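Visitor: Here's a structure for you.
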Amino acid sequence: MKILISNDDGIAANGIRVLTKALAEEHDVYVIAPDRERSAAGHSLTLHTPLRVEELETISGAKRTWVTTGTPGDCVKIGINAILKDEEEPDIVISGINHGPNLGADILYSGTVSCAMEGAMMGIPSIAVSLASMHTDYDDFKYTGQFIKALLKKLKDFQFPPKTILNVNVPALEAEDIAGVAITELGRKMFTDNYEKRIDPRGKVYYWMAGELISEPEDANTDIAAVRNNKISITPVTYEMTRRSTMSDLNSILCNEDSCNWF
């Protein structure tokens with residue numbers, strides 16, 4: 001299998017190196033990643049400045065490796081449309097391993113998830129994978145790397161629905177403490193939107209995001225609850241955001257009597 005790997009933590013991050021090494025043992029892996037950390041970049045693209053790409057010596061067993069000045073979305077988009085040769089076009093895009101969880105509504109801000117979404121937008125099966133920990137040592141990511149390698153074998157006959165990715169979050173635990181896999185829905189936000197108003201040494205006001213964890217019922221079938229219950233969460237996520245059930249209600253109000261020319 002040919003795999004394109006990218007991330008939002010940058011080319012030097014341990015997560016992408018562990019993932020690359022694990023998957024390169026059995027697959028042809030190509031790496032295209034940002035030149036610096038792009039966490040919480042969301043689904044942004046570079047439009048008004050040149051996008052520079054440099055090929056590097058391969059890392060961790062990859063076939064080829066590139067670094068870009070762009071966003072996570074840029075990496076996948078330019079990789080598939082301009083950098084990779086036809087014979088290198090990926091069968092799957094994998095984004096990660098992110099250091100820190102991507103759970104609940106917070107995925108809307110995630111560069112890791114958006115990186116996978118870009119693959120899905122181009123019709124390529126895509127997975128976003130995160131380690132639910134802020135620890136960034138190389139060994140911290142090894143279990144997650146091996147899990148993704150095993151997951152690809154399990155997904156061999158799985159047909160990814162159009163416009164859909166799998167969002168994977170792995171608890172930061174020893175292997176023997178993982179309580180299994182849970183297929184989940186997205187939870188609510190992980191943190192409250194609290195900001196602390198502070199004064200710097202020069203008397204200027206600034207704000208520091210100081211949200212607190214939001215609790216969820218332990219038996220909830222959400223990604224947040226699963227990780228808190230020591231399970232690996234796998235959530236199918238779609239970028240198809242049209243709320244079709246509301247269209248008829250709006251139509252009956254705004255276009256009643258077969259006329260929308262009311263303004």
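Residues in the structure tokens are numbered from 1 in each chain, the chains being A, B, ... in the order shown, and ligands are numbered from 1 in the order shown.
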Can you pull out every residue within 12 Å of A:Thr112, counting only C-alpha atoms, but drop anything in the same chain fewer than 2 positions away, and send it as JSON, numbers by chain?
Guide: {"A": [5, 6, 7, 8, 9, 10, 15, 16, 33, 34, 37, 38, 39, 40, 41, 42, 43, 44, 71, 72, 73, 75, 76, 93, 94, 95, 96, 97, 98, 99, 100, 101, 102, 103, 106, 107, 108, 109, 110, 114, 115, 116, 117, 118, 119, 126, 127, 128, 129, 130, 131, 165, 166, 167, 168, 169]}
Visitor: Please report, as number ranges by chain, each residue of stretch 33-169 of chain A to which DSSP assigns strand (DSSP E) when run on this structure's backbone.
Guide: A: 33-34, 53-56, 64-68, 92-99, 126-132, 164-169
Visitor: Need the shell around stretch 53-64 of chain A: protein/DNA/RNA residues with any atom at most 9 Å away, counting only C-alpha atoms. Skip same-chain ones fewer than 6 positions apart. Format as a ChimeraX atom specification?
Guide: /A:17-25,28-32,70,83
Visitor: Output N, CA and C atoms for every residue in that selection, as a PDB file, in the first residue's frame.
Guide:
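Output saved as out.pdb:
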ATOM      1  N   ARG A  17       7.584  10.841  12.952  1.00  0.00           N
ATOM      2  CA  ARG A  17       8.723   9.944  12.745  1.00  0.00           C
ATOM      3  C   ARG A  17       8.399   8.520  13.200  1.00  0.00           C
ATOM      4  N   VAL A  18       7.728   8.402  14.338  1.00  0.00           N
ATOM      5  CA  VAL A  18       7.340   7.072  14.820  1.00  0.00           C
ATOM      6  C   VAL A  18       6.339   6.430  13.864  1.00  0.00           C
ATOM      7  N   LEU A  19       5.343   7.214  13.436  1.00  0.00           N
ATOM      8  CA  LEU A  19       4.324   6.683  12.527  1.00  0.00           C
ATOM      9  C   LEU A  19       4.955   6.241  11.211  1.00  0.00           C
ATOM     10  N   THR A  20       5.846   7.047  10.680  1.00  0.00           N
ATOM     11  CA  THR A  20       6.515   6.710   9.427  1.00  0.00           C
ATOM     12  C   THR A  20       7.308   5.417   9.555  1.00  0.00           C
ATOM     13  N   LYS A  21       8.071   5.304  10.624  1.00  0.00           N
ATOM     14  CA  LYS A  21       8.884   4.101  10.812  1.00  0.00           C
ATOM     15  C   LYS A  21       8.015   2.855  10.938  1.00  0.00           C
ATOM     16  N   ALA A  22       6.918   2.953  11.692  1.00  0.00           N
ATOM     17  CA  ALA A  22       6.042   1.796  11.896  1.00  0.00           C
ATOM     18  C   ALA A  22       5.406   1.351  10.582  1.00  0.00           C
ATOM     19  N   LEU A  23       4.908   2.301   9.787  1.00  0.00           N
ATOM     20  CA  LEU A  23       4.200   1.934   8.561  1.00  0.00           C
ATOM     21  C   LEU A  23       5.159   1.571   7.431  1.00  0.00           C
ATOM     22  N   ALA A  24       6.372   2.136   7.446  1.00  0.00           N
ATOM     23  CA  ALA A  24       7.345   1.832   6.397  1.00  0.00           C
ATOM     24  C   ALA A  24       7.837   0.389   6.480  1.00  0.00           C
ATOM     25  N   GLU A  25       7.597  -0.277   7.587  1.00  0.00           N
ATOM     26  CA  GLU A  25       7.987  -1.679   7.709  1.00  0.00           C
ATOM     27  C   GLU A  25       7.187  -2.562   6.761  1.00  0.00           C
ATOM     28  N   ASP A  28       4.793   1.392   1.344  1.00  0.00           N
ATOM     29  CA  ASP A  28       5.565   2.469   0.718  1.00  0.00           C
ATOM     30  C   ASP A  28       5.048   3.792   1.267  1.00  0.00           C
ATOM     31  N   VAL A  29       5.885   4.482   2.017  1.00  0.00           N
ATOM     32  CA  VAL A  29       5.457   5.677   2.744  1.00  0.00           C
ATOM     33  C   VAL A  29       6.126   6.915   2.160  1.00  0.00           C
ATOM     34  N   TYR A  30       5.334   7.955   1.958  1.00  0.00           N
ATOM     35  CA  TYR A  30       5.810   9.257   1.508  1.00  0.00           C
ATOM     36  C   TYR A  30       5.396  10.283   2.555  1.00  0.00           C
ATOM     37  N   VAL A  31       6.294  11.202   2.872  1.00  0.00           N
ATOM     38  CA  VAL A  31       6.056  12.168   3.934  1.00  0.00           C
ATOM     39  C   VAL A  31       6.136  13.583   3.376  1.00  0.00           C
ATOM     40  N   ILE A  32       5.098  14.368   3.630  1.00  0.00           N
ATOM     41  CA  ILE A  32       5.098  15.790   3.298  1.00  0.00           C
ATOM     42  C   ILE A  32       4.537  16.524   4.503  1.00  0.00           C
ATOM     43  N   GLY A  70       4.004  25.556   4.062  1.00  0.00           N
ATOM     44  CA  GLY A  70       2.559  25.697   4.124  1.00  0.00           C
ATOM     45  C   GLY A  70       1.907  25.069   5.334  1.00  0.00           C
ATOM     46  N   ILE A  83       3.400  17.212  -6.363  1.00  0.00           N
ATOM     47  CA  ILE A  83       4.704  16.663  -5.969  1.00  0.00           C
ATOM     48  C   ILE A  83       4.836  15.177  -6.294  1.00  0.00           C
TER      49      ILE A  83
END
Visitor: Find the residues around stretch 220-226 of chain A up to 7 Å (only C-alpha atoms counted), leave out those fewer than 4 positions away in its own chain, and share them as number ranges by chain.
Guide: A: 103-104, 182, 184-187, 216, 230-233, 235
Visitor: Which of these, A:Leu173, A:Ile199, A:Leu51, A:Cys260, has the shortest distance to A:Thr69 once you count only C-alpha atoms?
Guide: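 When distances to A:Thr69 are compared using only C-alpha atoms, the smallest one comes from A:Leu51.
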Visitor: With only C-alpha atoms as the atoms that count, which of A:Ile80, A:Ile92, A:Met209, A:Met134 lies nearest to A:Ala172?
Guide: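 With only C-alpha atoms as the atom set, the closest residue is A:Met134.
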Visitor: So that I can check the secondary structure, give me every residue of stretch 99-211 of chain A assigned alpha helix (DSSP H) by backbone DSSP, as a list of chain:residue names.
Guide: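 The alpha helix (DSSP H) residues within stretch 99-211 of chain A come out as A:Gly111, A:Thr112, A:Val113, A:Ser114, A:Cys115, A:Ala116, A:Met117, A:Glu118, A:Gly119, A:Ala120, A:Met121, A:Lys142, A:Tyr143, A:Thr144, A:Gly145, A:Gln146, A:Phe147, A:Ile148, A:Lys149, A:Ala150, A:Leu151, A:Leu152, A:Lys153, A:Lys154.
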Visitor: Write to file, as a PDB file, in the first residue's frame, the residues of the selection just made, with C-alpha atoms.
Guide:
ATOM      1  CA  GLY A 111      -4.749  20.934  11.781  1.00  0.00           C
ATOM      2  CA  THR A 112      -4.368  17.178  12.197  1.00  0.00           C
ATOM      3  CA  VAL A 113      -8.006  16.484  11.341  1.00  0.00           C
ATOM      4  CA  SER A 114      -8.036  19.079   8.553  1.00  0.00           C
ATOM      5  CA  CYS A 115      -5.000  17.430   7.008  1.00  0.00           C
ATOM      6  CA  ALA A 116      -6.951  14.161   6.742  1.00  0.00           C
ATOM      7  CA  MET A 117     -10.042  16.032   5.539  1.00  0.00           C
ATOM      8  CA  GLU A 118      -8.038  17.407   2.630  1.00  0.00           C
ATOM      9  CA  GLY A 119      -7.311  13.845   1.571  1.00  0.00           C
ATOM     10  CA  ALA A 120     -10.992  12.933   1.830  1.00  0.00           C
ATOM     11  CA  MET A 121     -11.924  15.994  -0.248  1.00  0.00           C
ATOM     12  CA  LYS A 142       5.401   3.852  19.766  1.00  0.00           C
ATOM     13  CA  TYR A 143       2.222   2.080  20.882  1.00  0.00           C
ATOM     14  CA  THR A 144       0.067   4.366  18.733  1.00  0.00           C
ATOM     15  CA  GLY A 145       2.284   3.727  15.710  1.00  0.00           C
ATOM     16  CA  GLN A 146       1.925  -0.029  16.108  1.00  0.00           C
ATOM     17  CA  PHE A 147      -1.826   0.305  16.599  1.00  0.00           C
ATOM     18  CA  ILE A 148      -2.233   2.205  13.326  1.00  0.00           C
ATOM     19  CA  LYS A 149      -0.211  -0.460  11.529  1.00  0.00           C
ATOM     20  CA  ALA A 150      -2.580  -3.116  12.900  1.00  0.00           C
ATOM     21  CA  LEU A 151      -5.632  -0.961  12.145  1.00  0.00           C
ATOM     22  CA  LEU A 152      -4.731  -0.748   8.453  1.00  0.00           C
ATOM     23  CA  LYS A 153      -4.821  -4.542   8.245  1.00  0.00           C
ATOM     24  CA  LYS A 154      -8.261  -4.592   9.858  1.00  0.00           C
TER      25      LYS A 154
END
Visitor: Could you list, as a list in words, every residue within 9 Å of A:Gln159, counting only C-alpha atoms and ignoring same-chain residues fewer than 3 positions away?
Guide: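 Result of the neighbour search: Pro125, Leu155 and Lys156 of chain A.
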Visitor: Please, could you write that set of residues out with N, CA and C atoms as a PDB file, in the first residue's frame?
Guide:
ATOM      1  N   PRO A 125      -9.153   7.709   0.874  1.00  0.00           N
ATOM      2  CA  PRO A 125      -9.393   7.318   2.262  1.00  0.00           C
ATOM      3  C   PRO A 125      -8.372   7.973   3.180  1.00  0.00           C
ATOM      4  N   LEU A 155      -8.696  -2.734   8.339  1.00  0.00           N
ATOM      5  CA  LEU A 155      -9.519  -1.923   7.435  1.00  0.00           C
ATOM      6  C   LEU A 155      -9.357  -2.306   5.971  1.00  0.00           C
ATOM      7  N   LYS A 156      -8.679  -3.389   5.708  1.00  0.00           N
ATOM      8  CA  LYS A 156      -8.363  -3.767   4.328  1.00  0.00           C
ATOM      9  C   LYS A 156      -9.614  -3.841   3.455  1.00  0.00           C
TER      10      LYS A 156
END
Visitor: Using only C-alpha atoms, which of A:Thr65, A:Asn251, A:Thr242, A:Asn14 sits nearest A:His135?
Guide: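 With only C-alpha atoms as the atom set, the closest residue is A:Asn14.
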